[in-house]
$ cat upload.cif   # mmCIF, C-alpha atoms
data_entry
loop_
_atom_site.label_atom_id
_atom_site.label_comp_id
_atom_site.auth_asym_id
_atom_site.auth_seq_id
_atom_site.Cartn_x
_atom_site.Cartn_y
_atom_site.Cartn_z
CA MET A 1 -52.58 46.50 -8.36
CA THR A 2 -54.08 45.01 -5.19
CA LEU A 3 -54.94 47.25 -2.32
CA SER A 4 -56.22 46.63 1.15
CA ALA A 5 -56.87 49.51 3.46
CA ASN A 6 -58.56 50.83 6.54
CA SER A 7 -58.12 54.39 5.36
CA LYS A 8 -60.49 57.12 6.40
CA SER A 9 -60.95 58.49 2.91
CA GLU A 10 -64.50 59.55 3.64
CA SER A 11 -63.47 61.58 6.66
CA THR A 12 -60.62 63.11 4.65
CA ALA A 13 -63.03 64.14 1.92
CA PHE A 14 -65.27 65.59 4.61
CA LEU A 15 -62.39 67.66 5.99
CA PHE A 16 -61.65 69.07 2.55
CA SER A 17 -65.30 69.96 2.04
CA LEU A 18 -65.31 71.73 5.42
CA ARG A 19 -62.37 73.89 4.40
CA SER A 20 -63.96 74.88 1.13
CA LEU A 21 -67.12 75.96 2.95
CA ALA A 22 -65.40 78.22 5.47
CA PRO A 23 -63.35 80.84 3.61
CA CYS A 24 -63.86 83.67 6.11
CA ARG A 25 -62.92 82.20 9.45
CA ILE A 26 -60.41 79.67 10.63
CA VAL A 27 -61.99 76.33 11.44
CA ARG A 28 -59.85 74.09 13.60
CA VAL A 29 -60.46 70.57 12.38
CA ALA A 30 -59.11 67.35 13.76
CA MET A 31 -56.49 65.43 11.77
CA PRO A 32 -57.65 62.28 10.01
CA GLU A 33 -57.24 59.05 11.93
CA PRO A 34 -53.95 57.18 11.31
CA VAL A 35 -54.02 55.19 8.09
CA HIS A 36 -52.38 51.85 7.45
CA PHE A 37 -52.44 50.02 4.14
CA GLU A 38 -50.53 47.57 2.01
CA VAL A 39 -50.30 47.53 -1.78
CA ARG A 40 -48.62 45.04 -4.10
CA PHE A 41 -47.82 45.77 -7.73
CA PRO A 42 -45.82 44.34 -10.66
CA SER A 43 -42.37 45.67 -11.46
CA ASN A 44 -43.00 48.62 -13.69
CA THR A 45 -42.32 52.24 -12.94
CA THR A 46 -45.77 53.47 -14.01
CA GLU A 47 -47.34 51.37 -11.26
CA GLY A 48 -44.67 52.60 -8.88
CA LEU A 49 -45.44 56.21 -9.71
CA ALA A 50 -49.15 55.66 -9.05
CA VAL A 51 -48.38 54.31 -5.57
CA GLN A 52 -46.05 57.23 -4.94
CA GLU A 53 -48.80 59.70 -5.89
CA LYS A 54 -51.23 57.96 -3.52
CA LEU A 55 -48.78 58.25 -0.64
CA VAL A 56 -48.13 61.91 -1.38
CA SER A 57 -51.89 62.55 -1.45
CA LEU A 58 -52.13 60.96 1.98
CA MET A 59 -49.43 63.31 3.30
CA GLU A 60 -51.37 66.25 1.88
CA SER A 61 -54.53 65.10 3.63
CA PHE A 62 -52.57 65.07 6.89
CA GLU A 63 -51.38 68.61 6.11
CA TYR A 64 -47.68 67.85 6.11
CA SER A 65 -45.50 70.78 5.04
CA MET A 66 -44.25 71.21 1.49
CA ARG A 67 -40.75 70.42 2.74
CA ASP A 68 -41.89 67.17 4.35
CA ILE A 69 -43.71 66.23 1.16
CA PHE A 70 -40.71 67.14 -1.00
CA ALA A 71 -38.44 65.00 1.18
CA MET A 72 -40.80 62.04 1.23
CA ARG A 73 -41.69 62.21 -2.47
CA LEU A 74 -38.03 62.20 -3.40
CA SER A 75 -37.32 59.29 -1.04
CA LEU A 76 -40.32 57.30 -2.27
CA GLU A 77 -39.25 57.80 -5.87
CA GLU A 78 -35.74 56.56 -5.10
CA GLY A 79 -36.87 53.64 -2.92
CA ILE A 80 -39.64 52.38 -5.19
CA THR A 81 -37.59 52.81 -8.38
CA ASN A 82 -34.65 50.96 -6.79
CA ALA A 83 -36.97 48.07 -5.85
CA ILE A 84 -38.40 47.86 -9.37
CA ARG A 85 -35.24 48.46 -11.39
CA HIS A 86 -32.33 47.19 -9.28
CA GLY A 87 -34.19 44.76 -6.99
CA ASN A 88 -36.66 43.02 -9.28
CA LYS A 89 -34.75 44.05 -12.42
CA LEU A 90 -38.03 45.02 -14.12
CA ASP A 91 -39.15 41.36 -14.09
CA PRO A 92 -42.95 41.58 -14.55
CA ASN A 93 -43.37 38.31 -12.63
CA LYS A 94 -41.83 39.81 -9.51
CA LEU A 95 -43.84 42.07 -7.25
CA VAL A 96 -43.06 45.06 -5.10
CA THR A 97 -44.90 45.39 -1.81
CA VAL A 98 -45.38 48.76 -0.16
CA ILE A 99 -46.70 49.01 3.39
CA CYS A 100 -47.57 52.49 4.62
CA ALA A 101 -48.49 53.80 8.04
CA ILE A 102 -49.20 57.49 8.42
CA SER A 103 -50.37 59.58 11.33
CA ASP A 104 -50.25 63.27 12.09
CA GLN A 105 -46.78 62.71 13.60
CA LYS A 106 -44.91 60.65 11.04
CA MET A 107 -45.00 58.57 7.88
CA ARG A 108 -43.46 55.13 7.77
CA VAL A 109 -43.13 53.18 4.51
CA VAL A 110 -41.73 49.68 4.00
CA ILE A 111 -40.75 48.70 0.44
CA GLN A 112 -40.09 45.01 -0.23
CA ASP A 113 -38.84 43.54 -3.49
CA GLN A 114 -38.28 39.95 -4.65
CA GLY A 115 -34.80 40.39 -6.10
CA GLU A 116 -31.40 39.03 -5.12
CA GLY A 117 -30.70 41.77 -2.60
CA PHE A 118 -27.59 43.88 -2.17
CA VAL A 119 -25.21 45.17 0.48
CA PRO A 120 -25.92 48.87 1.04
CA GLU A 121 -22.49 49.41 2.59
CA GLU A 122 -20.90 48.39 -0.71
CA VAL A 123 -22.59 51.18 -2.66
CA PRO A 124 -19.79 53.68 -3.37
CA ASP A 125 -19.98 57.19 -1.98
CA PRO A 126 -21.02 59.27 -5.02
CA THR A 127 -19.38 62.38 -3.59
CA LEU A 128 -15.88 60.90 -3.76
CA GLU A 129 -13.76 62.43 -6.48
CA GLU A 130 -13.49 59.18 -8.45
CA PHE A 131 -17.28 58.73 -8.46
CA ILE A 132 -18.61 62.31 -8.53
CA GLU A 133 -19.08 62.34 -12.31
CA ARG A 134 -20.75 58.94 -12.47
CA PRO A 135 -24.34 59.40 -13.63
CA CYS A 136 -25.80 56.93 -11.08
CA GLY A 137 -25.67 55.97 -7.41
CA ARG A 138 -27.13 59.02 -5.66
CA GLY A 139 -30.53 57.69 -4.65
CA LEU A 140 -29.39 56.05 -1.43
CA MET A 141 -27.49 59.16 -0.41
CA LEU A 142 -30.55 61.37 -0.92
CA MET A 143 -32.80 59.04 1.09
CA ARG A 144 -30.33 59.02 3.98
CA ALA A 145 -30.23 62.82 3.90
CA TYR A 146 -33.99 63.35 3.89
CA LEU A 147 -35.25 60.57 6.15
CA ASN A 148 -35.16 60.03 9.93
CA VAL A 149 -34.99 56.28 9.30
CA CYS A 150 -33.55 54.65 6.17
CA GLU A 151 -32.74 51.01 6.93
CA TYR A 152 -32.30 47.98 4.74
CA SER A 153 -33.06 44.46 5.95
CA ASP A 154 -33.62 41.02 4.38
CA ASN A 155 -30.25 41.27 2.58
CA GLY A 156 -31.18 44.58 0.97
CA ARG A 157 -34.59 43.46 -0.28
CA CYS A 158 -36.56 45.39 2.31
CA LEU A 159 -36.27 49.14 2.89
CA THR A 160 -37.87 50.85 5.86
CA MET A 161 -38.17 54.61 5.59
CA GLU A 162 -39.60 57.01 8.10
CA ARG A 163 -39.96 60.74 8.30
CA GLU A 164 -41.35 62.68 11.24
CA ARG A 165 -43.40 65.80 10.75
CA ASN A 166 -41.26 68.95 10.41
CA SER A 167 -37.96 67.09 10.71
CA PRO A 168 -35.06 69.38 9.95
CA LEU A 169 -33.45 69.06 6.57
CA PRO A 170 -29.69 68.69 6.22
CA ILE A 171 -27.75 71.84 7.04
CA LEU A 172 -25.98 72.83 3.88
CA GLU A 173 -23.31 75.39 3.18
CA ASP A 174 -24.02 77.97 0.52
CA MET B 1 -41.69 65.97 -32.39
CA SER B 2 -44.73 68.18 -31.87
CA LYS B 3 -44.39 71.19 -29.62
CA SER B 4 -46.65 69.65 -26.98
CA ASP B 5 -44.37 66.60 -26.71
CA ARG B 6 -41.32 68.68 -25.94
CA ARG B 7 -39.81 68.71 -22.51
CA ILE B 8 -37.66 71.75 -23.19
CA ASP B 9 -38.29 75.10 -24.85
CA ILE B 10 -35.37 76.56 -26.78
CA GLU B 11 -34.34 80.19 -27.18
CA GLU B 12 -31.13 81.71 -28.54
CA ILE B 13 -29.73 84.71 -26.66
CA ASN B 14 -26.45 86.24 -27.90
CA GLY B 15 -25.24 82.93 -29.29
CA VAL B 16 -26.16 81.00 -26.16
CA THR B 17 -28.86 78.33 -26.19
CA VAL B 18 -31.32 78.76 -23.33
CA ALA B 19 -33.21 75.52 -22.77
CA ARG B 20 -36.13 75.92 -20.38
CA LEU B 21 -37.23 72.70 -18.72
CA LEU B 22 -41.01 72.56 -19.01
CA GLU B 23 -41.85 69.69 -16.66
CA LYS B 24 -42.60 70.39 -13.00
CA LYS B 25 -41.65 66.91 -11.91
CA ILE B 26 -38.66 65.20 -13.48
CA LEU B 27 -39.27 61.89 -11.78
CA ASP B 28 -40.55 59.02 -13.86
CA GLU B 29 -38.20 57.01 -15.97
CA ALA B 30 -39.78 57.55 -19.38
CA ASN B 31 -39.90 61.28 -18.80
CA ILE B 32 -36.27 61.43 -17.71
CA GLU B 33 -35.14 59.34 -20.67
CA ALA B 34 -36.99 61.58 -23.13
CA LEU B 35 -35.62 64.71 -21.48
CA GLY B 36 -32.11 63.28 -21.71
CA GLN B 37 -32.51 62.61 -25.43
CA GLU B 38 -33.76 66.16 -26.04
CA MET B 39 -30.89 67.68 -24.08
CA PHE B 40 -28.22 65.53 -25.68
CA ALA B 41 -29.57 66.34 -29.16
CA LEU B 42 -28.79 70.01 -28.54
CA VAL B 43 -25.11 69.13 -28.48
CA GLU B 44 -24.85 66.00 -30.59
CA LYS B 45 -27.37 66.78 -33.32
CA ASP B 46 -27.65 70.58 -33.39
CA GLY B 47 -23.97 71.20 -32.60
CA ARG B 48 -24.69 73.70 -29.82
CA LYS B 49 -21.81 74.32 -27.43
CA LYS B 50 -23.06 77.04 -25.10
CA VAL B 51 -26.09 75.82 -23.23
CA ILE B 52 -28.07 77.15 -20.27
CA LEU B 53 -30.62 74.90 -18.62
CA ASP B 54 -33.33 77.02 -16.99
CA PHE B 55 -34.96 75.27 -14.00
CA THR B 56 -37.60 77.91 -13.24
CA HIS B 57 -40.51 75.46 -13.62
CA VAL B 58 -38.90 72.43 -11.96
CA GLU B 59 -40.28 71.44 -8.55
CA TYR B 60 -39.05 67.86 -8.21
CA LEU B 61 -35.97 66.08 -9.48
CA SER B 62 -34.84 62.50 -8.88
CA SER B 63 -31.33 61.06 -8.81
CA ALA B 64 -31.93 59.57 -12.27
CA ALA B 65 -32.45 63.09 -13.59
CA LEU B 66 -29.21 64.17 -11.90
CA GLY B 67 -27.52 61.42 -13.88
CA LYS B 68 -28.74 62.93 -17.15
CA LEU B 69 -27.42 66.34 -16.11
CA ILE B 70 -23.98 64.87 -15.43
CA THR B 71 -24.01 63.16 -18.81
CA MET B 72 -25.06 66.43 -20.44
CA HIS B 73 -22.23 68.21 -18.62
CA LYS B 74 -19.76 65.66 -19.99
CA LYS B 75 -21.12 65.93 -23.53
CA THR B 76 -20.73 69.72 -23.58
CA ALA B 77 -17.23 69.40 -22.13
CA THR B 78 -16.32 66.86 -24.84
CA VAL B 79 -17.09 69.41 -27.58
CA LYS B 80 -15.25 72.10 -25.57
CA GLY B 81 -18.53 73.81 -24.81
CA LYS B 82 -20.11 74.90 -21.54
CA LEU B 83 -23.22 73.98 -19.59
CA VAL B 84 -24.75 76.31 -16.98
CA LEU B 85 -27.84 75.68 -14.86
CA CYS B 86 -29.94 78.57 -13.56
CA SER B 87 -33.06 79.60 -11.61
CA ILE B 88 -33.07 76.51 -9.42
CA GLN B 89 -35.66 76.43 -6.63
CA LYS B 90 -34.39 76.13 -3.05
CA ASP B 91 -35.47 72.49 -2.52
CA ILE B 92 -33.86 71.41 -5.77
CA LEU B 93 -30.73 73.37 -4.96
CA ASP B 94 -30.46 71.38 -1.73
CA VAL B 95 -30.46 68.17 -3.79
CA PHE B 96 -27.45 69.47 -5.75
CA LYS B 97 -25.70 70.42 -2.52
CA ILE B 98 -26.39 67.12 -0.75
CA THR B 99 -24.94 65.20 -3.68
CA GLN B 100 -22.18 67.83 -4.01
CA LEU B 101 -22.94 68.24 -7.68
CA ASN B 102 -22.78 72.00 -7.10
CA LYS B 103 -19.01 71.45 -7.21
CA VAL B 104 -19.19 69.79 -10.62
CA LEU B 105 -21.93 71.74 -12.37
CA THR B 106 -22.09 75.52 -12.79
CA LEU B 107 -25.20 76.77 -10.96
CA CYS B 108 -26.41 80.36 -11.27
CA THR B 109 -29.15 82.25 -9.48
CA ASP B 110 -30.92 83.56 -12.58
CA LEU B 111 -30.72 83.79 -16.37
CA ASP B 112 -28.73 87.05 -16.41
CA ASP B 113 -26.17 85.53 -14.08
CA ALA B 114 -26.01 82.43 -16.30
CA LEU B 115 -25.56 84.48 -19.49
CA SER B 116 -22.68 86.35 -17.86
CA LYS B 117 -20.75 83.06 -17.61
CA PHE B 118 -20.24 82.96 -21.40
#
$ encode --input "upload.cif" --output "C-alpha cells"
Amino acid sequence: MTLSANSKSESTAFLFSLRSLAPCRIVRVAMPEPVHFEVRFPSNTTEGLAVQEKLVSLMESFEYSMRDIFAMRLSLEEGITNAIRHGNKLDPNKLVTVICAISDQKMRVVIQDQGEGFVPEEVPDPTLEEFIERPCGRGLMLMRAYLNVCEYSDNGRCLTMERERNSPLPILED
Amino acid sequence: MSKSDRRIDIEEINGVTVARLLEKKILDEANIEALGQEMFALVEKDGRKKVILDFTHVEYLSSAALGKLITMHKKTATVKGKLVLCSIQKDILDVFKITQLNKVLTLCTDLDDALSKF
C-alpha cells in the first residue's frame, strides 16, 4: 500500500490525550485541520478493509456521529468492494485508488478502479418484485440512500461519494 | 471447527434452532462467506427447518451479507422450513427497510417474538 498524506495525526493524538486528562470538566477543543490524502492498493479485499478502517478512524477523530460513521462505513464497504471485485475483477495487477478529503463539515471520497467500467443506470432496481430475492445488487442502492453525493464518472470506473455532517438518513416507514 | 472459529452460536429452544450471530461487523468477504457456509449447514447438513437468526451483537452489515440472508431464506423455504430474524439494531433495521427486504424476510423485535412465529 502506498500512502501520501498531509494529515494532522499528531494534533489528533494530542486532542485525544487532552480528553483523557480532563474527566471532570468539559474542555472545548478545536477540530483537527482538514485532512487530504491519497492511497493506492492492489485488488484484494483485505487491503480494501484496511483503507476503510483508516477512513473510519479519521471520521472518529473529527467526532462525527455514530450515524454518520455507520452511513459512511457502509458506503465505503460497498464502493471499495465494488471497485475491487466488479471493477478490477480481483486482478492483483490492477490497483484501486482512494482519495479522501475530510473536514469538520463533510467527508468526500473518490474511488477509482482500472476495470472496464459499467453503466450505473443499467443496474436493476433490487426492490422490484422480479429482483427482490436476488442475492446481489443492493450496494449501489444503499450508497444512494446514505450519501449526499454518489456519482459515477469515467464510464463507471470512478465513484465520488460525499456525506455532510449530520445529514438526515432516509425516512422509512415502520 | 473450533468454537473460537465459529461465527454463530447455536441453541435449541422448543424445537427451534436459535443461531446467534457473534460478529459485530459482517463486512469483509471472507467473513461473510464463512458465515454463509455455517448458516447453510444448519439446513443442508444438520437438517434443521425452524431457524431464528439473532442479530443482538451485529452492528454493521454489508449488501453481500444481505445476499447470504436471502439465500438462507430460500434454502429454508426449499425444505418447507422457516427463517426468522430477531433483535436487529435500529441502523441495521434501516438497511433492511431501504432494500425492502423487510417485505421478504420475517423480522421480529426480540427472541420471544421470534419464537412465537413457530
$ interface_residues --input "upload.cif" --of "chain B" --to "chain A" --cutoff "9 Å" --atoms "all atoms listed in the file" --output "MDAnalysis selection string"
chainID B and resid 27:30 59:71 74 91 94:95 97:101 104
$ resolve_selection --input "upload.cif" --expression "the PyMOL selection byres ((chain A and resi 119) around 9)" --output "list in words"
Gly117, Phe118, Pro120, Glu121, Glu122, Val123, Tyr152, Asn155 and Gly156 of chain A
$ closest_residue --input "upload.cif" --among "A:Arg163, A:Arg40, A:Lys106, A:Lys89" --to "Asn148 in chain A" --atoms "only C-alpha atoms"
A:Arg163
$ closest_residue --input "upload.cif" --among "A:Val98, A:Ile80, A:Val51, A:Ile69" --to "Glu38 in chain A" --atoms "all atoms listed in the file"
A:Val98
$ atom_distance --input "upload.cif" --atom1 "CA of Asp54 in chain B" --atom2 "CA of Val84 in chain B"
8.6 Å
$ atom_distance --input "upload.cif" --atom1 "CA of Glu23 in chain B" --atom2 "CA of His86 in chain A"
25.5 Å
$ residues_around --input "upload.cif" --residues "Thr106 in chain B" --least-positions-apart "2" --cutoff "12 Å" --atoms "only C-alpha atoms" --output "ChimeraX atom specification"
/B:51-53,69-70,73,82-88,93,96,100-104,108-110,113-118
$ atom_distance --input "upload.cif" --atom1 "CA of Asn14 in chain B" --atom2 "CA of Gly81 in chain B"
15.1 Å
$ closest_residue --input "upload.cif" --among "A:Phe41, A:Asn93, A:Met107, A:Met31" --to "Leu55 in chain A" --atoms "all atoms listed in the file"
A:Met107
$ closest_residue --input "upload.cif" --among "B:Thr56, B:Lys90, B:Gly36, B:Lys49" --to "Leu21 in chain B" --atoms "all atoms listed in the file"
B:Thr56
$ resolve_selection --input "upload.cif" --expression "the PyMOL selection byres ((chain A and resi 95) around 12)" --output "JSON, numbers by chain"
{"A": [1, 2, 39, 40, 41, 42, 43, 44, 45, 47, 48, 80, 83, 84, 85, 87, 88, 89, 90, 91, 92, 93, 94, 96, 97, 98, 111, 112, 113, 114, 115, 157]}
$ decode --input "upload.cif" --residues "range 78-103 of chain B" --atoms "N, CA, C and O atoms" --output "tab-separated table (two decimals), in the first residue's frame"
chain	number	residue	atom	x	y	z
B	78	THR	N	-37.08	-23.96	0.73
B	78	THR	CA	-36.99	-25.16	-0.11
B	78	THR	C	-37.31	-26.43	0.67
B	78	THR	O	-37.92	-27.36	0.15
B	79	VAL	N	-36.89	-26.46	1.95
B	79	VAL	CA	-37.17	-27.66	2.78
B	79	VAL	C	-38.47	-27.49	3.58
B	79	VAL	O	-38.70	-28.21	4.55
B	80	LYS	N	-39.27	-26.50	3.14
B	80	LYS	CA	-40.55	-26.20	3.80
B	80	LYS	C	-40.34	-25.84	5.29
B	80	LYS	O	-41.15	-26.19	6.16
B	81	GLY	N	-39.26	-25.15	5.53
B	81	GLY	CA	-38.98	-24.67	6.88
B	81	GLY	C	-39.27	-23.19	6.98
B	81	GLY	O	-39.96	-22.62	6.12
B	82	LYS	N	-38.74	-22.55	8.03
B	82	LYS	CA	-38.99	-21.13	8.23
B	82	LYS	C	-37.78	-20.46	8.83
B	82	LYS	O	-37.14	-21.02	9.74
B	83	LEU	N	-37.49	-19.27	8.34
B	83	LEU	CA	-36.38	-18.47	8.87
B	83	LEU	C	-36.94	-17.17	9.44
B	83	LEU	O	-37.72	-16.48	8.78
B	84	VAL	N	-36.54	-16.84	10.67
B	84	VAL	CA	-36.97	-15.59	11.30
B	84	VAL	C	-35.73	-14.87	11.83
B	84	VAL	O	-34.82	-15.51	12.38
B	85	LEU	N	-35.68	-13.57	11.65
B	85	LEU	CA	-34.57	-12.76	12.16
B	85	LEU	C	-35.09	-11.94	13.35
B	85	LEU	O	-36.21	-11.43	13.29
B	86	CYS	N	-34.24	-11.80	14.38
B	86	CYS	CA	-34.72	-11.02	15.53
B	86	CYS	C	-33.62	-10.17	16.16
B	86	CYS	O	-32.44	-10.34	15.85
B	87	SER	N	-34.06	-9.24	17.02
B	87	SER	CA	-33.17	-8.38	17.81
B	87	SER	C	-32.20	-7.59	16.92
B	87	SER	O	-31.00	-7.55	17.17
B	88	ILE	N	-32.76	-6.95	15.93
B	88	ILE	CA	-31.94	-6.21	14.95
B	88	ILE	C	-31.83	-4.75	15.40
B	88	ILE	O	-32.85	-4.10	15.66
B	89	GLN	N	-30.60	-4.26	15.48
B	89	GLN	CA	-30.40	-2.87	15.91
B	89	GLN	C	-30.97	-1.90	14.88
B	89	GLN	O	-31.05	-2.20	13.70
B	90	LYS	N	-31.31	-0.69	15.37
B	90	LYS	CA	-32.02	0.29	14.54
B	90	LYS	C	-31.31	0.56	13.20
B	90	LYS	O	-31.95	0.57	12.14
B	91	ASP	N	-30.01	0.79	13.24
B	91	ASP	CA	-29.29	1.12	12.00
B	91	ASP	C	-29.35	-0.03	10.99
B	91	ASP	O	-29.48	0.19	9.79
B	92	ILE	N	-29.26	-1.24	11.52
B	92	ILE	CA	-29.31	-2.42	10.64
B	92	ILE	C	-30.72	-2.60	10.09
B	92	ILE	O	-30.92	-2.95	8.92
B	93	LEU	N	-31.69	-2.32	10.95
B	93	LEU	CA	-33.09	-2.43	10.53
B	93	LEU	C	-33.36	-1.47	9.36
B	93	LEU	O	-34.08	-1.81	8.41
B	94	ASP	N	-32.77	-0.30	9.42
B	94	ASP	CA	-32.91	0.67	8.31
B	94	ASP	C	-32.38	0.08	7.00
B	94	ASP	O	-32.95	0.33	5.93
B	95	VAL	N	-31.30	-0.67	7.08
B	95	VAL	CA	-30.73	-1.29	5.88
B	95	VAL	C	-31.74	-2.27	5.26
B	95	VAL	O	-31.94	-2.29	4.04
B	96	PHE	N	-32.41	-3.03	6.11
B	96	PHE	CA	-33.45	-3.95	5.62
B	96	PHE	C	-34.61	-3.18	4.98
B	96	PHE	O	-35.18	-3.60	3.98
B	97	LYS	N	-34.94	-2.04	5.60
B	97	LYS	CA	-36.08	-1.26	5.08
B	97	LYS	C	-35.72	-0.58	3.77
B	97	LYS	O	-36.54	-0.53	2.84
B	98	ILE	N	-34.52	-0.01	3.70
B	98	ILE	CA	-34.09	0.66	2.46
B	98	ILE	C	-34.14	-0.32	1.28
B	98	ILE	O	-34.59	0.02	0.19
B	99	THR	N	-33.66	-1.51	1.52
B	99	THR	CA	-33.61	-2.51	0.45
B	99	THR	C	-34.93	-3.28	0.32
B	99	THR	O	-35.06	-4.15	-0.54
B	100	GLN	N	-35.86	-2.94	1.20
B	100	GLN	CA	-37.20	-3.54	1.23
B	100	GLN	C	-37.17	-5.05	1.48
B	100	GLN	O	-38.12	-5.76	1.12
B	101	LEU	N	-36.10	-5.50	2.09
B	101	LEU	CA	-36.03	-6.92	2.43
B	101	LEU	C	-36.90	-7.25	3.63
B	101	LEU	O	-37.15	-8.41	3.93
B	102	ASN	N	-37.38	-6.21	4.32
B	102	ASN	CA	-38.32	-6.44	5.43
B	102	ASN	C	-39.64	-7.01	4.90
B	102	ASN	O	-40.43	-7.55	5.66
B	103	LYS	N	-39.84	-6.90	3.58
B	103	LYS	CA	-41.06	-7.47	2.98
B	103	LYS	C	-40.86	-8.93	2.58
B	103	LYS	O	-41.82	-9.64	2.30
